[in-house]
Amino acid sequence: MPTDNFLTRAKALEPELIEMRRHLHENPELSFHEFKTASLMKEKLEAYGYETKAQVGKTGVLGELKRKGVDGPIIAIRADMDGLPIDEDNPNKYISKNQGVMHACGHDGHMACGLTTARMLSEAELAGTVRMVMQPAEEATDSDGKSGAWRMLEDDALDGVSAIIGLHADASLKAGQVGIIPGPAMAACDGFKVTIQGKGGHGAYPETTVDPVVVGAQVVQAIQQIISRRISALEPAIITIGSFQSSSTRGNIISDYVILEGSFRSFSQKVREHIIEEIDRACSIARIMGGDYKIEYELGYPCTVNNPEITEVMRQAAIDLIGAENVIAVQPKTWSEDFSMFAEKVPGAFMFLGAEIEGDTRSHHSPQFDLNESGLYMGSAILAETARRLMTHFKNKA
């Protein structure tokens, strides 16, 4: 199948792709509860000739297409399956039928693109093996703090894989365009909780207390100066304190303790570790002022880093299919994605697929989220062509 035929074939399959996306949108399931979704993914992949394995990473599905007599590299293509705990508020006919659950980040589009890619590759002559990675729980973790990618890796989902590719719908990027960049593409996102212990008492006698609200205010100011004074201006990072709670609910009672909760985002492991050190340093103010503190971290997904070699193959495939003017060198996003865990295991490339509704840009993770479906078929074509080129790329390197 020549290069231009993947785009042509994807366009021909567009009605079925959109029908599948809307079906999935109507029937979202939460993280690690994607039972019907996973069953559908398995059924479709088997119909395209893939050997499948269910319950990988709890509720994930693997599909493998290996040509008889072809001994080539394994290229993995990932699509995430879970929805979000959001009540949808849209006028569309295809809104969620599951109250309190919604595909509010485009995972329905990712799956539809992934299935279309799998179908096209099943029709093509290939120099290697395709492994479809239909992943659960990108949006949330289980009781052990592990996401779907983590759990799938524990079940050896990428064993033998030479490279992994994927995409994410981007409601801020024009439909018909894709964003592809090498290196850090999305941030690591981590959470923290600081408990500042003071000594409570009556507001009439503050000198007999250690006021944790006052101490906490000093800590907040110190934490907010980490980015501007402790991290290089050449290293992008964000720290947010979203919650400041006191054990006192009265204006004349000095509390015993306060709790601060926040998050930080970074684009390198070095900066990530530096921020952790500096948060601890900032909180030490509490001891200087007579109180004490405890920090609890919830380390999330690492930074998503696109391998330059794999990314260049994807970028060139996209240029050949949709034109250089539609392949955008976007800025790294402060989103966070557990595709990063796959890309730490094997070389990976992750692109942003334009899905903006012109004149009505929808915010991801909002009740009004929706996609412009007109560019979805291009995402399938680029994934298929990238997978095929990577097989040849690795065989030529061998």
# chains A, B, ... in the order shown; residues from 1 in each chain; ligands from 1
call {"tool": "residues_around", "arguments": {"residues": "Phe342 in chain A", "least_positions_apart": "6", "cutoff": "8 Å", "atoms": "only C-alpha atoms", "output": "PyMOL selection string"}}
result
chain A and resi 149+153+158+164+348
call {"tool": "write_last_selection", "arguments": {"atoms": "N, CA and C atoms", "output": "short mmCIF file (atom, residue, chain, number, x, y, z; two decimals), in the first residue's frame"}}
result
data_model
loop_
_atom_site.label_atom_id
_atom_site.label_comp_id
_atom_site.auth_asym_id
_atom_site.auth_seq_id
_atom_site.Cartn_x
_atom_site.Cartn_y
_atom_site.Cartn_z
N ALA A 149 -0.95 2.40 32.42
CA ALA A 149 0.33 2.12 31.76
C ALA A 149 1.24 1.34 32.70
N LEU A 153 2.64 -2.43 31.98
CA LEU A 153 4.07 -2.74 31.97
C LEU A 153 4.38 -3.89 32.92
N LEU A 158 4.96 -4.49 26.77
CA LEU A 158 5.89 -4.02 25.75
C LEU A 158 7.08 -4.95 25.55
N ILE A 164 7.18 2.61 20.45
CA ILE A 164 5.75 2.79 20.68
C ILE A 164 5.35 4.19 20.22
N GLY A 348 9.79 6.18 22.17
CA GLY A 348 8.41 6.51 21.82
C GLY A 348 8.26 7.85 21.15
#
call {"tool": "select_by_dssp", "arguments": {"residues": "range 155-231 of chain A", "states": "alpha helix (DSSP H)", "output": "MDAnalysis selection string"}}
result
chainID A and resid 212:224 226:229
call {"tool": "write_last_selection", "arguments": {"atoms": "C-alpha atoms", "output": "PDB file, in the first residue's frame"}}
result
ATOM      1  CA  PRO A 212       0.066  27.755  62.141  1.00  0.00           C
ATOM      2  CA  VAL A 213      -1.955  30.077  59.878  1.00  0.00           C
ATOM      3  CA  VAL A 214       0.753  32.730  60.153  1.00  0.00           C
ATOM      4  CA  VAL A 215       3.459  30.091  59.749  1.00  0.00           C
ATOM      5  CA  GLY A 216       1.605  28.605  56.783  1.00  0.00           C
ATOM      6  CA  ALA A 217       1.352  31.976  55.109  1.00  0.00           C
ATOM      7  CA  GLN A 218       5.132  32.304  55.318  1.00  0.00           C
ATOM      8  CA  VAL A 219       5.545  28.814  53.879  1.00  0.00           C
ATOM      9  CA  VAL A 220       3.211  29.608  50.978  1.00  0.00           C
ATOM     10  CA  GLN A 221       5.259  32.700  50.132  1.00  0.00           C
ATOM     11  CA  ALA A 222       8.487  30.704  50.259  1.00  0.00           C
ATOM     12  CA  ILE A 223       7.092  27.928  48.050  1.00  0.00           C
ATOM     13  CA  GLN A 224       5.864  30.478  45.511  1.00  0.00           C
ATOM     14  CA  ILE A 226      10.914  28.445  44.305  1.00  0.00           C
ATOM     15  CA  ILE A 227      10.249  28.832  40.579  1.00  0.00           C
ATOM     16  CA  SER A 228      11.427  32.436  40.344  1.00  0.00           C
ATOM     17  CA  ARG A 229      14.457  32.178  42.623  1.00  0.00           C
TER      18      ARG A 229
END
call {"tool": "residues_around", "arguments": {"residues": "Ala381 in chain A", "least_positions_apart": "6", "cutoff": "6 Å", "atoms": "only C-alpha atoms", "output": "PyMOL selection string"}}
result
chain A and resi 6-7+10
call {"tool": "write_last_selection", "arguments": {"atoms": "C-alpha atoms", "output": "mmCIF file, in the first residue's frame"}}
result
data_model
loop_
_atom_site.group_PDB
_atom_site.id
_atom_site.type_symbol
_atom_site.label_atom_id
_atom_site.label_comp_id
_atom_site.auth_asym_id
_atom_site.auth_seq_id
_atom_site.Cartn_x
_atom_site.Cartn_y
_atom_site.Cartn_z
ATOM 1 C CA PHE A 6 -3.148 5.234 3.961
ATOM 2 C CA LEU A 7 -4.644 8.727 3.833
ATOM 3 C CA ALA A 10 -8.463 6.407 6.216
#
call {"tool": "closest_residue", "arguments": {"among": "A:Pro236, A:Gly262, A:Gly148, A:Gly72", "to": "Val161 in chain A", "atoms": "only C-alpha atoms"}}
result
A:Gly72
call {"tool": "residues_around", "arguments": {"residues": "range 201-203 of chain A", "least_positions_apart": "3", "cutoff": "10 Å", "atoms": "only C-alpha atoms", "output": "mmCIF file with N, CA and C atoms, in the first residue's frame"}}
result
data_model
loop_
_atom_site.group_PDB
_atom_site.id
_atom_site.type_symbol
_atom_site.label_atom_id
_atom_site.label_comp_id
_atom_site.auth_asym_id
_atom_site.auth_seq_id
_atom_site.Cartn_x
_atom_site.Cartn_y
_atom_site.Cartn_z
ATOM 1 N N GLY A 198 1.185 23.647 64.805
ATOM 2 C CA GLY A 198 1.460 24.770 65.682
ATOM 3 C C GLY A 198 1.006 24.468 67.097
ATOM 4 N N PRO A 206 -2.404 35.572 71.608
ATOM 5 C CA PRO A 206 -1.600 34.938 70.551
ATOM 6 C C PRO A 206 -0.175 34.640 70.992
ATOM 7 N N GLU A 207 0.313 35.392 72.013
ATOM 8 C CA GLU A 207 1.698 35.176 72.452
ATOM 9 C C GLU A 207 1.884 33.821 73.134
ATOM 10 N N THR A 208 0.788 33.189 73.511
ATOM 11 C CA THR A 208 0.882 31.864 74.145
ATOM 12 C C THR A 208 0.776 30.729 73.120
ATOM 13 N N THR A 209 0.668 31.076 71.855
ATOM 14 C CA THR A 209 0.453 30.073 70.811
ATOM 15 C C THR A 209 1.591 30.088 69.789
ATOM 16 N N VAL A 210 1.577 29.108 68.947
ATOM 17 C CA VAL A 210 2.342 29.138 67.680
ATOM 18 C C VAL A 210 1.296 29.048 66.587
ATOM 19 N N ASP A 211 0.993 30.156 65.970
ATOM 20 C CA ASP A 211 -0.129 30.249 65.040
ATOM 21 C C ASP A 211 0.242 29.599 63.699
ATOM 22 N N ARG A 250 -13.235 29.133 63.515
ATOM 23 C CA ARG A 250 -13.687 30.351 64.203
ATOM 24 C C ARG A 250 -12.634 31.437 64.085
ATOM 25 N N GLY A 251 -13.080 32.653 63.958
ATOM 26 C CA GLY A 251 -12.169 33.781 63.799
ATOM 27 C C GLY A 251 -11.394 34.137 65.045
ATOM 28 N N ASN A 252 -11.843 33.688 66.211
ATOM 29 C CA ASN A 252 -11.139 34.039 67.455
ATOM 30 C C ASN A 252 -10.426 32.848 68.084
ATOM 31 N N ILE A 253 -10.293 31.781 67.308
ATOM 32 C CA ILE A 253 -9.587 30.595 67.808
ATOM 33 C C ILE A 253 -8.377 30.337 66.918
ATOM 34 N N ILE A 254 -7.197 30.328 67.522
ATOM 35 C CA ILE A 254 -5.976 29.999 66.788
ATOM 36 C C ILE A 254 -5.872 28.483 66.687
ATOM 37 N N SER A 255 -5.681 28.013 65.477
ATOM 38 C CA SER A 255 -5.765 26.578 65.207
ATOM 39 C C SER A 255 -4.536 25.825 65.718
ATOM 40 N N ASP A 256 -4.686 24.499 65.782
ATOM 41 C CA ASP A 256 -3.563 23.630 66.141
ATOM 42 C C ASP A 256 -2.685 23.330 64.932
#
call {"tool": "atom_distance", "arguments": {"atom1": "CA of Gly63 in chain A", "atom2": "CA of Glu46 in chain A"}}
result
7.7 Å
call {"tool": "residues_around", "arguments": {"residues": "Lys333 in chain A", "least_positions_apart": "3", "cutoff": "9 Å", "atoms": "only C-alpha atoms", "output": "PyMOL selection string"}}
result
chain A and resi 184-187+330+336
call {"tool": "closest_atom_pairs", "arguments": {"of": "range 273-352 of chain A", "to": "range 133-139 of chain A", "cutoff": "9 Å", "atoms": "only C-alpha atoms", "output": "JSON lines"}}
result
{"residue": "A:Glu337", "atom": "CA", "partner": "A:Glu138", "partner_atom": "CA", "distance": 7.0}
{"residue": "A:Asp338", "atom": "CA", "partner": "A:Glu138", "partner_atom": "CA", "distance": 6.1}
{"residue": "A:Phe339", "atom": "CA", "partner": "A:Glu138", "partner_atom": "CA", "distance": 8.2}
call {"tool": "closest_atom_pairs", "arguments": {"of": "range 97-170 of chain A", "to": "range 76-89 of chain A", "cutoff": "9 Å", "atoms": "only C-alpha atoms", "output": "CSV"}}
result
residue,atom,partner,partner_atom,distance
A:Asn98,CA,A:Asp87,CA,8.6
A:Gln99,CA,A:Asp87,CA,6.2
A:Gly100,CA,A:Asp87,CA,4.4
A:Val101,CA,A:Pro85,CA,4.6
A:Met102,CA,A:Leu84,CA,5.3
A:His103,CA,A:Gly83,CA,4.5
A:Ala104,CA,A:Leu84,CA,6.4
A:Cys105,CA,A:Gly83,CA,7.6
A:Gly106,CA,A:Gly83,CA,8.7
A:His107,CA,A:Met81,CA,5.7
A:Asp108,CA,A:Met81,CA,6.9
A:His110,CA,A:Ala79,CA,5.4
A:Met111,CA,A:Ala79,CA,5.4
A:Ala112,CA,A:Ala79,CA,8.7
A:Cys113,CA,A:Ala79,CA,8.2
A:Gly114,CA,A:Ala79,CA,6.0
A:Leu115,CA,A:Ala79,CA,8.9
A:Thr117,CA,A:Ile77,CA,8.8
A:Ala118,CA,A:Ile77,CA,8.6
A:Thr129,CA,A:Ala76,CA,8.5
A:Val130,CA,A:Ala76,CA,6.0
A:Arg131,CA,A:Ala76,CA,4.5
A:Met132,CA,A:Ile77,CA,5.0
A:Val133,CA,A:Arg78,CA,4.5
A:Met134,CA,A:Ala79,CA,5.1
A:Gln135,CA,A:Asp80,CA,4.6
A:Pro136,CA,A:Met81,CA,5.3
A:Ala137,CA,A:Asp82,CA,5.5
A:Glu138,CA,A:Asp80,CA,6.4
A:Glu139,CA,A:Asp82,CA,6.9
A:Ala140,CA,A:Leu84,CA,8.7
A:Gly148,CA,A:Asp80,CA,8.6
A:Leu158,CA,A:Ala76,CA,7.6
A:Val161,CA,A:Ala76,CA,6.6
A:Ser162,CA,A:Ala76,CA,7.9
A:Ala163,CA,A:Ala76,CA,6.2
A:Ile164,CA,A:Ala76,CA,4.5
A:Ile165,CA,A:Ile77,CA,5.1
A:Gly166,CA,A:Arg78,CA,5.2
A:Leu167,CA,A:Ala79,CA,7.7
A:His168,CA,A:Ala79,CA,8.8
call {"tool": "write_last_selection", "arguments": {"atoms": "N, CA and C atoms", "output": "CSV table (one decimal), in the first residue's frame"}}
result
chain,number,residue,atom,x,y,z
A,98,ASN,N,-24.2,7.2,30.4
A,98,ASN,CA,-23.8,6.8,31.7
A,98,ASN,C,-23.7,8.0,32.6
A,99,GLN,N,-24.7,8.2,33.4
A,99,GLN,CA,-24.7,9.4,34.3
A,99,GLN,C,-23.5,9.5,35.2
A,100,GLY,N,-22.9,10.7,35.1
A,100,GLY,CA,-21.7,10.9,36.0
A,100,GLY,C,-20.4,10.5,35.4
A,101,VAL,N,-20.4,10.0,34.1
A,101,VAL,CA,-19.2,9.5,33.4
A,101,VAL,C,-19.2,10.1,32.0
A,102,MET,N,-18.1,10.6,31.6
A,102,MET,CA,-18.0,11.2,30.3
A,102,MET,C,-16.6,11.1,29.7
A,103,HIS,N,-16.6,10.9,28.4
A,103,HIS,CA,-15.3,11.1,27.6
A,103,HIS,C,-15.0,12.6,27.4
A,104,ALA,N,-14.3,13.2,28.4
A,104,ALA,CA,-14.1,14.6,28.4
A,104,ALA,C,-12.6,15.0,28.0
A,105,CYS,N,-11.9,14.0,27.5
A,105,CYS,CA,-10.5,14.3,27.1
A,105,CYS,C,-10.1,13.7,25.8
A,106,GLY,N,-11.1,13.1,25.1
A,106,GLY,CA,-10.8,12.6,23.7
A,106,GLY,C,-10.4,11.2,23.6
A,107,HIS,N,-10.5,10.4,24.7
A,107,HIS,CA,-10.1,9.0,24.6
A,107,HIS,C,-11.0,8.2,23.7
A,108,ASP,N,-12.2,8.6,23.5
A,108,ASP,CA,-13.1,8.0,22.5
A,108,ASP,C,-12.5,8.1,21.1
A,110,HIS,N,-9.3,8.6,20.5
A,110,HIS,CA,-8.1,7.9,20.4
A,110,HIS,C,-8.3,6.4,20.1
A,111,MET,N,-9.4,5.8,20.7
A,111,MET,CA,-9.7,4.4,20.4
A,111,MET,C,-10.2,4.3,19.0
A,112,ALA,N,-11.0,5.2,18.5
A,112,ALA,CA,-11.5,5.1,17.2
A,112,ALA,C,-10.4,5.2,16.2
A,113,CYS,N,-9.5,6.1,16.4
A,113,CYS,CA,-8.3,6.3,15.5
A,113,CYS,C,-7.5,5.0,15.6
A,114,GLY,N,-7.3,4.5,16.8
A,114,GLY,CA,-6.4,3.3,17.0
A,114,GLY,C,-7.0,2.1,16.2
A,115,LEU,N,-8.3,1.9,16.3
A,115,LEU,CA,-9.0,0.8,15.6
A,115,LEU,C,-8.9,0.9,14.1
A,117,THR,N,-6.5,2.6,12.5
A,117,THR,CA,-5.1,2.3,12.2
A,117,THR,C,-4.9,0.8,12.2
A,118,ALA,N,-5.4,0.1,13.2
A,118,ALA,CA,-5.2,-1.4,13.2
A,118,ALA,C,-5.8,-2.1,12.0
A,129,THR,N,5.8,-6.6,13.0
A,129,THR,CA,4.6,-7.0,13.7
A,129,THR,C,4.0,-5.7,14.4
A,130,VAL,N,2.7,-5.6,14.4
A,130,VAL,CA,2.0,-4.5,15.0
A,130,VAL,C,1.4,-5.0,16.3
A,131,ARG,N,1.6,-4.3,17.4
A,131,ARG,CA,1.0,-4.6,18.7
A,131,ARG,C,0.1,-3.4,19.1
A,132,MET,N,-1.2,-3.6,19.1
A,132,MET,CA,-2.1,-2.6,19.6
A,132,MET,C,-2.2,-2.7,21.1
A,133,VAL,N,-2.0,-1.6,21.8
A,133,VAL,CA,-2.0,-1.5,23.2
A,133,VAL,C,-3.2,-0.6,23.6
A,134,MET,N,-4.3,-1.3,23.9
A,134,MET,CA,-5.5,-0.6,24.3
A,134,MET,C,-5.5,-0.5,25.9
A,135,GLN,N,-5.2,0.7,26.3
A,135,GLN,CA,-4.8,0.9,27.7
A,135,GLN,C,-5.9,1.4,28.6
A,136,PRO,N,-6.1,0.8,29.8
A,136,PRO,CA,-7.1,1.4,30.8
A,136,PRO,C,-6.4,2.5,31.6
A,137,ALA,N,-7.2,3.2,32.3
A,137,ALA,CA,-6.8,4.1,33.4
A,137,ALA,C,-5.7,5.0,33.1
A,138,GLU,N,-5.8,5.8,32.1
A,138,GLU,CA,-4.8,6.9,32.0
A,138,GLU,C,-5.2,8.1,32.9
A,139,GLU,N,-6.5,8.2,33.2
A,139,GLU,CA,-6.9,9.4,34.0
A,139,GLU,C,-6.8,9.2,35.5
A,140,ALA,N,-6.6,8.0,36.0
A,140,ALA,CA,-6.7,7.8,37.4
A,140,ALA,C,-5.8,6.6,37.8
A,148,GLY,N,-2.9,2.8,34.5
A,148,GLY,CA,-3.0,1.7,33.5
A,148,GLY,C,-1.7,1.4,32.8
A,158,LEU,N,5.0,-4.5,26.8
A,158,LEU,CA,5.9,-4.0,25.8
A,158,LEU,C,7.1,-4.9,25.5
A,161,VAL,N,9.1,-5.1,22.2
A,161,VAL,CA,8.8,-3.9,21.3
A,161,VAL,C,10.0,-3.0,21.0
A,162,SER,N,10.1,-2.6,19.8
A,162,SER,CA,11.2,-1.7,19.4
A,162,SER,C,10.9,-0.2,19.6
A,163,ALA,N,9.6,0.1,19.4
A,163,ALA,CA,9.1,1.5,19.6
A,163,ALA,C,7.6,1.5,19.8
A,164,ILE,N,7.2,2.6,20.4
A,164,ILE,CA,5.7,2.8,20.7
A,164,ILE,C,5.4,4.2,20.2
A,165,ILE,N,4.2,4.3,19.6
A,165,ILE,CA,3.7,5.6,19.1
A,165,ILE,C,2.2,5.8,19.6
A,166,GLY,N,1.8,7.0,19.6
A,166,GLY,CA,0.4,7.3,20.0
A,166,GLY,C,0.1,8.7,19.7
A,167,LEU,N,-1.1,9.1,20.1
A,167,LEU,CA,-1.6,10.5,19.8
A,167,LEU,C,-2.5,10.9,20.9
A,168,HIS,N,-2.7,12.2,21.0
A,168,HIS,CA,-3.7,12.8,21.9
A,168,HIS,C,-4.5,13.9,21.2
call {"tool": "closest_atom_pairs", "arguments": {"of": "range 66-175 of chain A", "to": "range 300-303 of chain A", "cutoff": "9 Å", "atoms": "only C-alpha atoms", "output": "CSV"}}
result
residue,atom,partner,partner_atom,distance
A:Gly145,CA,A:Gly300,CA,8.5
A:Lys146,CA,A:Gly300,CA,8.9
A:Ser147,CA,A:Tyr301,CA,8.6
call {"tool": "write_last_selection", "arguments": {"atoms": "N, CA and C atoms", "output": "mmCIF file, in the first residue's frame"}}
result
data_model
loop_
_atom_site.group_PDB
_atom_site.id
_atom_site.type_symbol
_atom_site.label_atom_id
_atom_site.label_comp_id
_atom_site.auth_asym_id
_atom_site.auth_seq_id
_atom_site.Cartn_x
_atom_site.Cartn_y
_atom_site.Cartn_z
ATOM 1 N N GLY A 145 -1.919 3.373 43.785
ATOM 2 C CA GLY A 145 -1.340 4.541 43.133
ATOM 3 C C GLY A 145 -0.744 4.250 41.769
ATOM 4 N N LYS A 146 -1.197 3.185 41.102
ATOM 5 C CA LYS A 146 -0.647 2.798 39.804
ATOM 6 C C LYS A 146 -1.679 3.004 38.697
ATOM 7 N N SER A 147 -1.233 3.621 37.625
ATOM 8 C CA SER A 147 -2.111 3.886 36.486
ATOM 9 C C SER A 147 -2.143 2.682 35.545
#
call {"tool": "closest_atom_pairs", "arguments": {"of": "range 276-386 of chain A", "to": "range 19-26 of chain A", "cutoff": "10 Å", "atoms": "only C-alpha atoms", "output": "tab-separated table"}}
result
residue	atom	partner	partner_atom	distance
A:Asp370	CA	A:His25	CA	9.6
A:Glu373	CA	A:Arg21	CA	8.8
A:Leu376	CA	A:Arg21	CA	9.6
call {"tool": "closest_residue", "arguments": {"among": "A:Gly160, A:Pro182, A:Gly191, A:Gly200", "to": "Thr240 in chain A", "atoms": "only C-alpha atoms"}}
result
A:Gly191
call {"tool": "atom_distance", "arguments": {"atom1": "CA of Cys189 in chain A", "atom2": "CA of Glu235 in chain A"}}
result
14.9 Å
call {"tool": "closest_residue", "arguments": {"among": "A:Phe264, A:Met314, A:Thr116, A:Ser31", "to": "Pro15 in chain A", "atoms": "only C-alpha atoms"}}
result
A:Thr116
call {"tool": "atom_distance", "arguments": {"atom1": "CA of Ile181 in chain A", "atom2": "CA of Gly109 in chain A"}}
result
21.1 Å
call {"tool": "closest_residue", "arguments": {"among": "A:Lys174, A:Lys345, A:His33, A:Arg272", "to": "Glu154 in chain A", "atoms": "only C-alpha atoms"}}
result
A:Lys345
call {"tool": "residues_around", "arguments": {"residues": "Lys193 in chain A", "least_positions_apart": "3", "cutoff": "12 Å", "atoms": "only C-alpha atoms", "output": "number ranges by chain"}}
result
A: 190, 196, 240-245, 258-264, 276, 279-280, 283, 293-299
call {"tool": "select_by_dssp", "arguments": {"residues": "range 163-322 of chain A", "states": "strand (DSSP E or B)", "output": "number ranges by chain"}}
result
A: 163-174, 178-179, 183-186, 188-197, 199, 201-202, 210, 237-246, 253-254, 257-266, 292-299, 304-306
call {"tool": "closest_residue", "arguments": {"among": "A:Tyr94, A:Gly128, A:Val271, A:Gly179", "to": "Gly69 in chain A", "atoms": "only C-alpha atoms"}}
result
A:Gly128
